[in-house]
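Chemist: I am sharing upload-v3.cif, which consists of mmCIF, C-alpha atoms:
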```
data_coords
#
loop_
_atom_site.label_atom_id
_atom_site.label_comp_id
_atom_site.auth_asym_id
_atom_site.auth_seq_id
_atom_site.Cartn_x
_atom_site.Cartn_y
_atom_site.Cartn_z
CA MET V 444 44.01 75.80 -34.19
CA VAL V 445 45.23 79.33 -34.81
CA GLU V 446 42.67 81.80 -36.17
CA ARG V 447 43.79 84.97 -37.93
CA ARG V 448 41.08 87.51 -38.83
CA LEU V 449 42.58 89.79 -41.45
CA VAL V 450 41.29 93.11 -42.72
CA SER V 451 42.31 92.84 -46.37
CA TRP V 452 43.77 90.76 -49.18
CA ASP V 453 47.00 92.75 -48.81
CA GLU V 454 47.27 91.69 -45.18
CA TYR V 455 46.93 88.05 -46.23
CA LYS V 456 49.83 88.47 -48.65
CA ALA V 457 51.85 90.10 -45.88
CA GLU V 458 51.14 87.11 -43.63
CA LEU V 459 52.60 84.82 -46.28
CA ARG V 460 55.84 86.78 -46.20
CA GLN V 461 56.23 86.18 -42.46
CA LYS V 462 58.59 83.21 -42.17
CA ASP V 463 59.18 83.15 -38.41
CA GLY V 464 57.20 80.33 -36.87
CA ALA V 465 55.60 79.29 -40.17
CA PRO V 466 55.49 75.55 -40.92
CA LEU V 467 58.24 74.25 -43.17
CA ASP V 468 56.03 72.40 -45.66
CA PRO V 469 52.54 73.88 -45.47
CA ILE V 470 49.57 72.95 -47.61
CA TYR V 471 46.57 75.22 -48.17
CA ARG V 472 42.84 75.01 -48.80
CA GLY V 473 40.42 77.78 -49.74
CA HIS V 474 36.79 77.99 -48.55
CA GLY V 475 34.19 80.32 -50.00
CA LYS V 476 32.74 80.72 -46.49
CA ALA V 477 34.78 80.99 -43.31
CA THR V 478 32.18 78.93 -41.44
CA TRP V 479 32.75 75.79 -43.52
CA ALA V 480 34.47 72.88 -41.82
CA LEU V 481 37.37 70.78 -43.11
CA VAL V 482 35.15 67.90 -44.16
CA PRO V 483 35.38 65.91 -47.44
CA PRO V 484 32.42 65.93 -49.85
CA SER V 485 31.18 62.50 -48.82
CA LYS V 486 30.77 63.64 -45.21
CA ARG V 487 29.33 67.14 -45.64
CA PRO V 488 25.60 66.26 -45.67
CA ARG V 489 26.07 64.26 -42.47
CA PHE V 490 28.65 66.42 -40.73
CA ASP V 491 26.29 68.33 -38.45
CA GLN V 492 24.55 65.09 -37.53
CA LEU V 493 27.89 63.42 -36.80
CA ARG V 494 28.94 66.38 -34.66
CA ARG V 495 25.72 66.22 -32.67
CA ARG V 496 26.24 62.51 -32.16
CA SER V 497 29.81 63.17 -31.02
CA GLU V 498 28.61 65.71 -28.43
CA ARG V 499 25.99 63.25 -27.23
CA ALA V 500 28.65 60.56 -26.91
CA GLN V 501 30.66 62.80 -24.60
CA GLU V 502 27.63 63.05 -22.34
CA ASN V 503 26.88 59.34 -22.60
CA PRO V 504 29.89 57.10 -23.39
CA GLU V 505 27.57 54.20 -24.17
CA PHE V 506 26.18 56.08 -27.18
CA ALA V 507 27.88 54.64 -30.29
CA VAL V 508 29.46 57.10 -32.71
CA CYS V 509 30.62 56.01 -36.15
CA ALA V 510 31.68 58.19 -39.09
CA ASP V 511 31.28 55.14 -41.34
CA TYR V 512 34.29 55.88 -43.54
CA ALA V 513 34.65 52.58 -45.38
CA SER V 514 31.01 52.21 -46.26
CA PRO V 515 29.92 49.69 -48.92
CA VAL V 516 28.14 52.55 -50.68
CA PHE V 517 31.34 54.53 -51.26
CA ASP V 518 33.40 51.44 -52.14
CA GLY V 519 30.83 50.57 -54.77
CA GLN V 520 30.76 54.16 -56.00
CA LEU V 521 34.52 54.17 -56.61
CA LYS V 522 34.40 50.81 -58.37
CA TYR V 523 31.58 52.07 -60.57
CA PHE V 524 33.63 55.15 -61.48
CA LYS V 525 36.55 52.90 -62.46
CA ARG V 526 34.24 50.80 -64.61
CA LEU V 527 32.79 53.86 -66.36
CA ALA V 528 36.21 55.48 -66.84
CA THR V 529 37.93 52.38 -68.22
CA GLY V 530 38.51 52.79 -71.94
CA LEU V 531 37.98 56.54 -72.04
CA PRO V 532 40.64 58.46 -74.00
CA GLY V 533 43.45 60.09 -72.05
CA ALA V 534 43.17 58.12 -68.81
CA ASP V 535 44.03 54.42 -68.53
CA VAL V 536 42.66 53.87 -65.04
CA THR V 537 43.49 50.15 -65.18
CA ARG V 538 47.14 51.12 -64.62
CA LEU V 539 46.42 53.29 -61.57
CA SER V 540 46.34 52.41 -57.87
CA ASP V 541 43.09 52.78 -55.97
CA ASP V 542 44.44 55.95 -54.32
CA ASP V 543 45.33 57.45 -57.70
CA ILE V 544 41.92 56.54 -59.09
CA GLU V 545 40.19 58.20 -56.15
CA ALA V 546 42.34 61.33 -56.59
CA LEU V 547 41.54 61.46 -60.30
CA ALA V 548 37.85 60.89 -59.61
CA ARG V 549 37.78 63.59 -56.92
CA HIS V 550 39.31 66.17 -59.25
CA ASN V 551 36.63 65.36 -61.79
CA GLY V 552 33.74 65.71 -59.36
CA LEU V 553 33.32 62.38 -57.55
CA CYS V 554 31.79 62.75 -54.08
CA SER V 555 34.93 61.37 -52.46
CA ASN V 556 36.43 60.84 -49.01
CA LEU V 557 39.48 62.90 -50.00
CA LEU V 558 39.92 66.54 -49.01
CA ASP V 559 41.62 68.71 -51.65
CA TRP V 560 44.60 70.90 -50.74
CA THR V 561 47.33 72.71 -52.67
CA ILE V 562 50.90 73.63 -51.89
CA SER V 563 50.21 77.17 -53.17
CA PRO V 564 48.62 79.74 -50.82
CA TYR V 565 47.60 81.77 -53.86
CA ILE V 566 45.83 78.91 -55.61
CA ALA V 567 43.93 78.27 -52.37
CA ALA V 568 42.96 81.95 -52.31
CA PHE V 569 41.74 81.73 -55.92
CA PHE V 570 39.35 78.91 -55.03
CA ALA V 571 38.15 80.72 -51.91
CA PHE V 572 37.31 83.90 -53.82
CA THR V 573 35.79 82.24 -56.90
CA VAL V 574 33.55 80.02 -54.78
CA ALA V 575 32.49 83.03 -52.70
CA LEU V 576 31.77 85.02 -55.85
CA ASP V 577 29.75 82.14 -57.29
CA LEU V 578 27.73 81.81 -54.07
CA SER V 579 26.98 85.51 -53.85
CA ASN V 580 25.71 85.48 -57.45
CA ASP V 581 23.43 82.44 -57.22
CA GLY V 582 25.82 80.18 -59.13
CA ARG V 583 26.03 82.46 -62.18
CA LEU V 584 29.84 82.26 -62.36
CA THR V 585 30.00 78.50 -62.92
CA ALA V 586 26.71 78.51 -64.85
CA GLY V 587 28.24 80.84 -67.42
CA THR V 588 25.79 83.75 -66.95
CA LEU V 589 27.96 86.09 -64.88
CA ASN V 590 28.87 88.56 -67.59
CA LEU V 591 26.75 91.55 -68.55
CA SER V 592 24.56 91.52 -65.44
CA ALA V 593 25.40 93.24 -62.17
CA ILE V 594 27.90 91.49 -59.90
CA CYS V 595 27.14 90.99 -56.20
CA LEU V 596 30.29 90.97 -54.11
CA PRO V 597 30.57 88.49 -51.23
CA ILE V 598 29.59 89.93 -47.88
CA GLU V 599 30.96 87.18 -45.64
CA PRO V 600 34.69 86.50 -45.23
CA VAL V 601 36.42 83.65 -47.02
CA ALA V 602 38.84 81.29 -45.32
CA ILE V 603 42.24 80.06 -46.41
CA TRP V 604 43.45 77.18 -44.29
CA ARG V 605 47.11 76.38 -43.77
CA LEU V 606 48.23 73.00 -42.47
CA GLY V 607 51.85 72.49 -41.52
CA ALA V 608 52.42 69.12 -43.13
CA ARG V 609 55.01 67.93 -40.65
CA PRO V 610 55.77 64.19 -40.45
CA ASP V 611 54.27 63.65 -36.99
CA LEU V 612 50.77 64.58 -38.23
CA TRP V 613 50.31 61.50 -40.35
CA VAL V 614 49.02 58.28 -38.83
CA GLY V 615 48.90 55.34 -41.21
CA GLY V 616 45.35 54.12 -41.77
CA GLU V 617 43.91 57.09 -39.87
CA PHE V 618 45.11 60.47 -41.17
CA GLU V 619 47.13 60.40 -44.37
CA LEU V 620 48.66 62.73 -46.95
CA LEU V 621 48.34 61.68 -50.59
CA SER V 622 50.70 63.71 -52.75
CA ASP V 623 51.66 61.45 -55.66
CA LEU V 624 51.09 62.78 -59.16
CA THR V 625 49.96 60.64 -62.08
CA ALA V 626 50.41 61.41 -65.76
CA VAL V 627 46.67 61.50 -66.39
CA ASN V 628 45.63 63.84 -63.56
CA ARG V 629 46.32 67.15 -65.28
CA TRP V 630 44.14 69.15 -62.90
CA GLN V 631 46.07 67.95 -59.86
CA LYS V 632 49.35 68.92 -61.51
CA SER V 633 48.03 72.32 -62.62
CA GLN V 634 46.67 73.08 -59.15
CA ASP V 635 49.74 71.81 -57.26
CA GLY V 636 47.21 69.54 -55.60
CA VAL V 637 47.56 67.12 -52.70
CA PHE V 638 44.92 65.37 -50.60
CA THR V 639 44.31 64.39 -47.01
CA ARG V 640 42.23 61.41 -45.99
CA LEU V 641 40.80 60.96 -42.51
CA ARG V 642 39.54 57.59 -41.35
CA HIS V 643 38.11 57.88 -37.86
CA ASN V 644 35.10 56.47 -36.06
CA GLU V 645 34.28 59.77 -34.35
CA PHE V 646 35.76 62.68 -36.29
CA ALA V 647 34.81 63.72 -39.82
CA CYS V 648 36.40 67.20 -39.61
CA ALA V 649 40.19 67.39 -39.91
CA ALA V 650 40.35 70.40 -37.57
CA GLU V 651 38.44 68.63 -34.80
CA TYR V 652 40.54 65.50 -35.26
CA LEU V 653 43.83 67.41 -34.98
CA GLU V 654 42.61 69.21 -31.87
CA SER V 655 41.66 65.86 -30.33
CA ILE V 656 45.19 64.48 -30.71
CA GLY V 657 46.87 67.67 -29.45
CA LYS V 658 48.14 68.84 -32.84
CA GLY V 659 45.72 71.64 -33.55
CA ASP V 660 48.62 74.11 -33.57
CA ALA V 661 49.59 72.78 -37.00
CA LEU V 662 46.46 74.36 -38.47
CA THR V 663 45.88 78.05 -39.16
CA CYS V 664 42.70 79.61 -40.55
CA PHE V 665 43.08 82.98 -42.26
CA GLU V 666 39.78 84.85 -42.62
CA VAL V 667 39.90 87.43 -45.42
CA PRO V 668 37.08 89.87 -46.31
CA GLY V 669 35.13 88.50 -49.26
CA GLY V 670 34.43 92.01 -50.53
CA GLY V 671 37.94 92.16 -51.97
CA ALA V 672 37.27 89.23 -54.32
CA LEU V 673 37.44 91.15 -57.60
CA SER V 674 40.73 92.94 -56.90
CA ALA V 675 42.25 89.72 -55.55
CA LEU V 676 41.16 87.72 -58.60
CA ASP V 677 42.50 90.42 -60.91
CA GLU V 678 45.87 90.24 -59.18
CA LEU V 679 45.87 86.45 -59.18
CA ASN V 680 45.20 86.51 -62.90
CA ASP V 681 48.36 88.60 -63.31
CA MET V 682 50.13 85.71 -61.51
CA ARG V 683 48.68 83.32 -64.11
CA ILE V 684 46.46 81.80 -61.46
CA ASN V 685 43.11 81.52 -63.19
CA PHE V 686 40.53 79.03 -64.44
CA ALA V 687 42.32 78.53 -67.75
CA ASN V 688 45.59 77.45 -66.14
CA LEU V 689 44.15 75.56 -63.17
CA PHE V 690 41.69 73.66 -65.39
CA PRO V 691 43.63 73.26 -68.66
CA ASP V 692 40.70 72.28 -70.84
CA LEU V 693 37.84 73.91 -72.74
CA ARG V 694 35.75 74.28 -69.57
CA GLY V 695 38.53 76.22 -67.85
CA ALA V 696 38.99 78.45 -70.89
CA ALA V 697 35.28 79.27 -70.99
CA LEU V 698 35.08 80.02 -67.25
CA GLN V 699 38.10 82.30 -67.45
CA ALA V 700 36.72 84.18 -70.46
CA ASN V 701 33.48 84.79 -68.54
CA LEU V 702 35.33 85.87 -65.38
CA VAL V 703 37.63 88.29 -67.18
CA SER V 704 34.65 89.88 -68.91
CA ALA V 705 32.94 90.28 -65.56
CA LEU V 706 36.04 91.79 -63.96
CA LYS V 707 36.37 94.38 -66.72
CA LEU V 708 32.71 95.37 -66.42
CA ALA V 709 32.65 95.58 -62.63
#
```
Any chance you could give the structure as structure tokens?
Modeler:
Amino acid sequence: MVERRLVSWDEYKAELRQKDGAPLDPIYRGHGKATWALVPPSKRPRFDQLRRRSERAQENPEFAVCADYASPVFDGQLKYFKRLATGLPGADVTRLSDDDIEALARHNGLCSNLLDWTISPYIAAFFAFTVALDLSNDGRLTAGTLNLSAICLPIEPVAIWRLGARPDLWVGGEFELLSDLTAVNRWQKSQDGVFTRLRHNEFACAAEYLESIGKGDALTCFEVPGGGALSALDELNDMRINFANLFPDLRGAALQANLVSALKLA
């Protein structure tokens, strides 16, 4: 894995303009904290435990390590989502594949085994900065109370991950790219979204998995100072990258109205 510690938002944009040596078809993911691992929601509460078990297994090969991807709990969870979603207006899930249902469910908040990415480095940056801003303000951005009160800027850097999505990375049944779009998944379309899915008995983190198979060079982590969140978000808004366009519904409109008010008052 390549790590790039940048000094500003402008330096990140400059990095994107460097074409020499950049992957041909990269995908991106934004993290509100640079210390977060590339782990899907369903694995995050257990990730540290899984990592400790992995380290113990290296010391003692007889110690069993299992990431428990295809657990009955998650299978039942996805089936229950399909049951609850069937018949709702705007999304006929009975016509979708299981992969498409999981992608739709993930974009709407299901604790899924999929990891969200985007083909846009700027959309990834938007998510990194908005999550960091929300964290530094005790959740007041997404709660709808970040407006007239003082804004605390993030202190820690954010991370924008870039994965060169070259064909040799994907191993059927183990590490997969899901990029199909469905007519009902408006958020995925608006966010230029794709997903990765890792099924492995030892690794829950995509970065650790890629390092283990000798393909860590496909992954780059850009660390950008979180203190530049407001100026970056203001510029991204000028690019039409904002809550209203990435979440084309009433919730997105409300979040963007709150954020713009906060930016003007900062």
Chemist: Pick out the closest residue to V:Pro668 from this set: V:Glu458, V:Ala567, V:Gln520, V:Gly475. Count all atoms listed in the file.
Modeler: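 The closest residue to V:Pro668 is V:Gly475.
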Chemist: Can you tell me, as an NGL selection string, what residues are no more than 12 Å from V:Asp543 when counting all atoms listed in the file, ignoring any on the same chain fewer than 6 positions away?
Modeler: :V and (521 or 525 or 534-537 or 549-550 or 557 or 621-628 or 631 or 637-638)
Chemist: Please write the residues picked by the PyMOL selection byres ((chain V and resi 576) around 10) on this file as a PyMOL selection string.
Modeler: chain V and resi 475+570-575+577-585+589+594-598+669-670+672-673
Chemist: Which residues, named as in the file, does the PyMOL selection byres ((chain V and resi 474) around 7) pick out? Answer as a list in words.
Modeler: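 On this input, the PyMOL selection byres ((chain V and resi 474) around 7) captures Arg472, Gly473, Gly475, Lys476, Ala477, Trp479, Ala571, Val601, Ala602 and Ile603 of chain V.
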Chemist: Between V:Ala528, V:Asp559, V:Ser674, V:Arg447, which residue has the minimum interatomic distance to V:Lys707, considering all atoms listed in the file?
Modeler: V:Ser674
Chemist: Would you work out the distance separating atom CA of V:Ser451 from atom CA of V:Ala700, expressed in Å to one decimal?
Modeler: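 Computing it gives 26.2 Å between the two atoms.
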Chemist: Please enumerate the residues selected by the PyMOL selection byres ((chain V and resi 556) around 9) when evaluated against the supplied file, formatted as an mmCIF file with C-alpha atoms, keeping the file's coordinate frame.
Modeler:
```
data_model
loop_
_atom_site.group_PDB
_atom_site.id
_atom_site.type_symbol
_atom_site.label_atom_id
_atom_site.label_comp_id
_atom_site.auth_asym_id
_atom_site.auth_seq_id
_atom_site.Cartn_x
_atom_site.Cartn_y
_atom_site.Cartn_z
ATOM 1 C CA VAL V 482 35.150 67.900 -44.160
ATOM 2 C CA PRO V 483 35.380 65.910 -47.440
ATOM 3 C CA PRO V 484 32.420 65.930 -49.850
ATOM 4 C CA SER V 485 31.180 62.500 -48.820
ATOM 5 C CA LYS V 486 30.770 63.640 -45.210
ATOM 6 C CA TYR V 512 34.290 55.880 -43.540
ATOM 7 C CA PHE V 517 31.340 54.530 -51.260
ATOM 8 C CA GLU V 545 40.190 58.200 -56.150
ATOM 9 C CA ARG V 549 37.780 63.590 -56.920
ATOM 10 C CA CYS V 554 31.790 62.750 -54.080
ATOM 11 C CA SER V 555 34.930 61.370 -52.460
ATOM 12 C CA LEU V 557 39.480 62.900 -50.000
ATOM 13 C CA LEU V 558 39.920 66.540 -49.010
ATOM 14 C CA THR V 639 44.310 64.390 -47.010
ATOM 15 C CA ARG V 640 42.230 61.410 -45.990
ATOM 16 C CA LEU V 641 40.800 60.960 -42.510
ATOM 17 C CA ARG V 642 39.540 57.590 -41.350
#
```
Chemist: Rounded to one decimal place, report the atom CA of V:Phe569-atom CA of V:Met682 distance in Å.
Modeler: 10.8 Å
Chemist: Atom CA of V:Ser704 and atom CA of V:Arg683 are how many Å apart?
Modeler: 16.2 Å
Chemist: Using all atoms listed in the file, which of the listed residues (V:Ala647, V:Leu698, V:Leu693, V:Leu606) sits closest to V:Ile470?
Modeler: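 The closest residue to V:Ile470 is V:Leu606.
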Chemist: Name the closest residue to V:Gly615 among the candidates V:Leu679, V:His643, V:Leu553, V:Glu651; distances are taken between atoms, counting only C-alpha atoms.
Modeler: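 Among the listed residues, V:His643 lies closest to V:Gly615.
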Chemist: Check the smallest atom-to-atom distance from each of V:Pro564, V:Phe690, V:Glu666, V:Val703 to V:Arg460 using all atoms listed in the file, then report the winner.
Modeler: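 Smallest distance to V:Arg460 is found for V:Pro564.
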Chemist: Name the residues in contact with V:Cys648 at a cut-off of 7 Å, using all atoms listed in the file, excluding same-chain residues fewer than 2 positions from it; report them as a PyMOL selection string.
Modeler: chain V and resi 480-482+646+650-652
